Amino acid sequence: MENPDIELDLTARMVAVAGTLRSNSNGVDTLAQAVTKTAVDCIPGTECAGVIACLGPHGEPVAGNGLASQADQLQHELREGPAVRPKADRSTVWIDDFDSEDRWPRFAARAQELGIASMASFRLFSGKDDLGTLNLYSSTKKAFDERARTLGEVFAAHTAVAFSVLRERENLSVALTSRDLIGQAKGMVMERYGIGADEAFALLARLSQESNTKVAEIAKQVVEAGSDPV
């Protein structure tokens with residue numbers, strides 16, 4: 001590497017982003033915006049950047065600056081492009097020149113109409129979890145050299161960790177909310193029918209099974225029903 005300070009600065013920036021997310025639950029949008037801004041600032045050749053997060057079966061664009069949001073949306077709509085490859089493909093993909101790109105012809109043609117000449121796409125993996133893609137774009141051909149690609153992979157690794165932390169926090173929040181609802185519903189059922197905690201939970205579980213509804217949703221209905229829960 002010609003300038004190791006760039007890698008150190010990139011790592012420091014991503015650690016700062018992850019640390020901010022650990023202390024402030026601002027959601028996927030906030031993280032994605034921070035990631036795209038940092039990518040433009042730190043990865044040579046990057047004019048704009050976008051993030052496609054795996055929120056659905058094909059992923060979904062969540063942030064982008066400049067033309068990146070349009071390019072990401074194109075891939076999402078066309079179901080074509082380096083950002084919507086099969087999940088088993090973890091490789092980094094770069095397109096040096098959209099004029100000669102034949103792997104994704106429809107996307108290549110539309111990207112050129114936007115003024116995009118080259119791009120790099122990095123998969124965001126944390127362990128076995130596919131968290132999406134980070135996509136870098138430039139209006140210049142062959143904008144991403146080996147140094148930019150290496151830096152991009154480091155950046156993508158830090159981004160994947162940050163997304164993974166956020167997902168874990170959101171899952172924990174949902175779990176805690178469900179636990180509180182179930183506890184509140186149990187108390188209401190116990191008071192209503194004069195039964196113990198085990199019997200109250202068994203009643204909620206039976207209602208859940210009979211209606212093919214999650215226990216947490218049954219608990220929510222009980223709480224919302226108030227004094228006459230079941």
# chains A, B, ... in the order shown; residues from 1 in each chain; ligands from 1

$ residues_around --residues "segment 40-53 of chain A" --least-positions-apart "5" --cutoff "7 Å" --atoms "only C-alpha atoms" --output "MDAnalysis selection string"
chainID A and resid 10 32 59:69 72 131:138 143:144 148 151:152

$ write_last_selection --atoms "C-alpha atoms" --output "JSON list (two decimals), in the first residue's frame"
[["chain", "number", "residue", "atom", "x", "y", "z"],
["A", 10, "LEU", "CA", -10.78, 4.18, 7.18],
["A", 32, "ALA", "CA", -26.38, 3.29, 5.62],
["A", 59, "GLY", "CA", -32.59, -6.92, -0.92],
["A", 60, "GLU", "CA", -33.67, -3.32, -1.01],
["A", 61, "PRO", "CA", -31.80, -0.01, -1.50],
["A", 62, "VAL", "CA", -31.67, 1.88, 1.79],
["A", 63, "ALA", "CA", -29.26, 4.74, 1.12],
["A", 64, "GLY", "CA", -27.22, 6.31, -1.62],
["A", 65, "ASN", "CA", -25.62, 9.60, -2.52],
["A", 66, "GLY", "CA", -25.36, 11.18, -5.95],
["A", 67, "LEU", "CA", -26.32, 8.77, -8.73],
["A", 68, "ALA", "CA", -25.80, 5.73, -6.51],
["A", 69, "SER", "CA", -29.39, 5.63, -5.29],
["A", 72, "ASP", "CA", -29.01, 0.71, -6.91],
["A", 131, "LEU", "CA", -26.46, -8.39, 5.04],
["A", 132, "GLY", "CA", -26.44, -6.81, 1.58],
["A", 133, "THR", "CA", -24.00, -5.04, -0.72],
["A", 134, "LEU", "CA", -21.92, -1.87, -0.74],
["A", 135, "ASN", "CA", -21.73, -0.33, -4.21],
["A", 136, "LEU", "CA", -19.24, 2.29, -5.34],
["A", 137, "TYR", "CA", -19.67, 4.28, -8.56],
["A", 138, "SER", "CA", -17.65, 6.63, -10.72],
["A", 143, "ALA", "CA", -11.70, 4.37, -11.44],
["A", 144, "PHE", "CA", -11.00, 1.61, -8.91],
["A", 148, "ALA", "CA", -9.16, 1.06, -3.84],
["A", 151, "LEU", "CA", -9.58, -0.61, 0.95],
["A", 152, "GLY", "CA", -13.13, -1.32, -0.16]]

$ residues_around --residues "segment 109-115 of chain A" --least-positions-apart "5" --cutoff "10 Å" --atoms "only C-alpha atoms" --output "PyMOL selection string"
chain A and resi 67-68+70-72+74-75+97-99+101-102+104+137-140

$ write_last_selection --atoms "N, CA, C and O atoms" --output "short mmCIF file (atom, residue, chain, number, x, y, z; two decimals), in the first residue's frame"
data_model
loop_
_atom_site.label_atom_id
_atom_site.label_comp_id
_atom_site.auth_asym_id
_atom_site.auth_seq_id
_atom_site.Cartn_x
_atom_site.Cartn_y
_atom_site.Cartn_z
N LEU A 67 -25.61 9.67 -7.83
CA LEU A 67 -26.32 8.77 -8.73
C LEU A 67 -26.45 7.35 -8.18
O LEU A 67 -27.13 6.52 -8.77
N ALA A 68 -25.81 7.09 -7.05
CA ALA A 68 -25.80 5.73 -6.51
C ALA A 68 -27.20 5.22 -6.19
O ALA A 68 -27.52 4.05 -6.45
N GLN A 70 -29.97 5.94 -7.65
CA GLN A 70 -30.64 5.58 -8.89
C GLN A 70 -30.09 4.27 -9.46
O GLN A 70 -30.84 3.42 -9.95
N ALA A 71 -28.77 4.10 -9.40
CA ALA A 71 -28.14 2.88 -9.92
C ALA A 71 -28.55 1.67 -9.09
O ALA A 71 -28.82 0.58 -9.63
N ASP A 72 -28.59 1.82 -7.77
CA ASP A 72 -29.01 0.71 -6.91
C ASP A 72 -30.47 0.36 -7.16
O ASP A 72 -30.85 -0.82 -7.19
N LEU A 74 -32.11 0.75 -9.91
CA LEU A 74 -32.16 0.07 -11.19
C LEU A 74 -31.89 -1.43 -11.03
O LEU A 74 -32.61 -2.26 -11.59
N GLN A 75 -30.85 -1.77 -10.28
CA GLN A 75 -30.52 -3.18 -10.07
C GLN A 75 -31.65 -3.89 -9.35
O GLN A 75 -32.00 -5.04 -9.68
N ASP A 97 -15.30 -0.78 -17.12
CA ASP A 97 -15.82 0.03 -18.23
C ASP A 97 -17.18 -0.52 -18.65
O ASP A 97 -17.27 -1.63 -19.17
N PHE A 98 -18.23 0.25 -18.41
CA PHE A 98 -19.57 -0.22 -18.75
C PHE A 98 -19.76 -0.39 -20.26
O PHE A 98 -20.68 -1.10 -20.69
N ASP A 99 -18.90 0.23 -21.06
CA ASP A 99 -18.99 0.06 -22.51
C ASP A 99 -18.79 -1.40 -22.92
O ASP A 99 -19.39 -1.87 -23.89
N GLU A 101 -19.16 -4.10 -20.71
CA GLU A 101 -19.78 -5.00 -19.74
C GLU A 101 -20.89 -5.82 -20.41
O GLU A 101 -21.86 -5.25 -20.93
N ASP A 102 -20.75 -7.17 -20.41
CA ASP A 102 -21.77 -8.02 -21.03
C ASP A 102 -22.42 -9.00 -20.06
O ASP A 102 -23.27 -9.79 -20.46
N TRP A 104 -24.27 -8.13 -17.37
CA TRP A 104 -25.58 -7.56 -17.01
C TRP A 104 -25.92 -6.47 -18.04
O TRP A 104 -25.84 -5.27 -17.75
N TYR A 137 -19.49 3.88 -7.17
CA TYR A 137 -19.67 4.28 -8.56
C TYR A 137 -18.77 5.45 -8.92
O TYR A 137 -18.43 6.28 -8.07
N SER A 138 -18.45 5.51 -10.22
CA SER A 138 -17.65 6.63 -10.72
C SER A 138 -18.05 6.94 -12.16
O SER A 138 -18.48 6.05 -12.91
N SER A 139 -17.90 8.19 -12.55
CA SER A 139 -18.16 8.59 -13.93
C SER A 139 -16.92 8.42 -14.80
O SER A 139 -16.94 8.70 -15.99
N THR A 140 -15.83 7.92 -14.19
CA THR A 140 -14.57 7.70 -14.89
C THR A 140 -14.34 6.21 -15.10
O THR A 140 -14.57 5.41 -14.19
#

$ residues_around --residues "segment 200-203 of chain A" --least-positions-apart "6" --cutoff "12 Å" --atoms "only C-alpha atoms" --output "short mmCIF file (atom, residue, chain, number, x, y, z; two decimals) with C-alpha atoms, in the first residue's frame"
data_model
loop_
_atom_site.label_atom_id
_atom_site.label_comp_id
_atom_site.auth_asym_id
_atom_site.auth_seq_id
_atom_site.Cartn_x
_atom_site.Cartn_y
_atom_site.Cartn_z
CA ARG A 179 -41.42 -10.72 26.89
CA LEU A 181 -46.20 -8.08 26.73
CA ILE A 182 -46.45 -11.74 27.63
CA GLY A 183 -45.72 -10.96 31.28
CA GLN A 184 -48.38 -8.26 31.36
CA ALA A 185 -50.92 -10.53 29.66
CA LYS A 186 -50.17 -13.35 32.07
CA GLY A 187 -50.82 -11.03 35.00
CA MET A 188 -54.16 -9.95 33.56
CA VAL A 189 -55.25 -13.55 32.92
CA MET A 190 -54.16 -14.59 36.40
CA GLU A 191 -56.20 -11.80 37.97
CA ARG A 192 -59.20 -12.36 35.72
CA TYR A 193 -59.50 -16.13 36.29
CA GLY A 194 -57.78 -16.58 39.65
CA GLN A 209 -51.88 -22.81 18.92
CA GLU A 210 -55.60 -22.80 18.17
CA VAL A 215 -47.87 -16.00 21.68
CA ALA A 216 -46.57 -12.40 21.66
CA ILE A 218 -51.97 -13.12 21.54
CA ALA A 219 -50.47 -11.30 24.54
CA VAL A 222 -55.04 -9.59 25.64
CA PRO A 229 -58.99 -10.35 27.75
CA VAL A 230 -60.26 -13.77 26.65
#

$ select_by_dssp --residues "segment 56-130 of chain A" --states "strand (DSSP E)" --output "VMD selection string"
chain A and resid 60 to 64 93 to 95 118 to 126 129 to 130
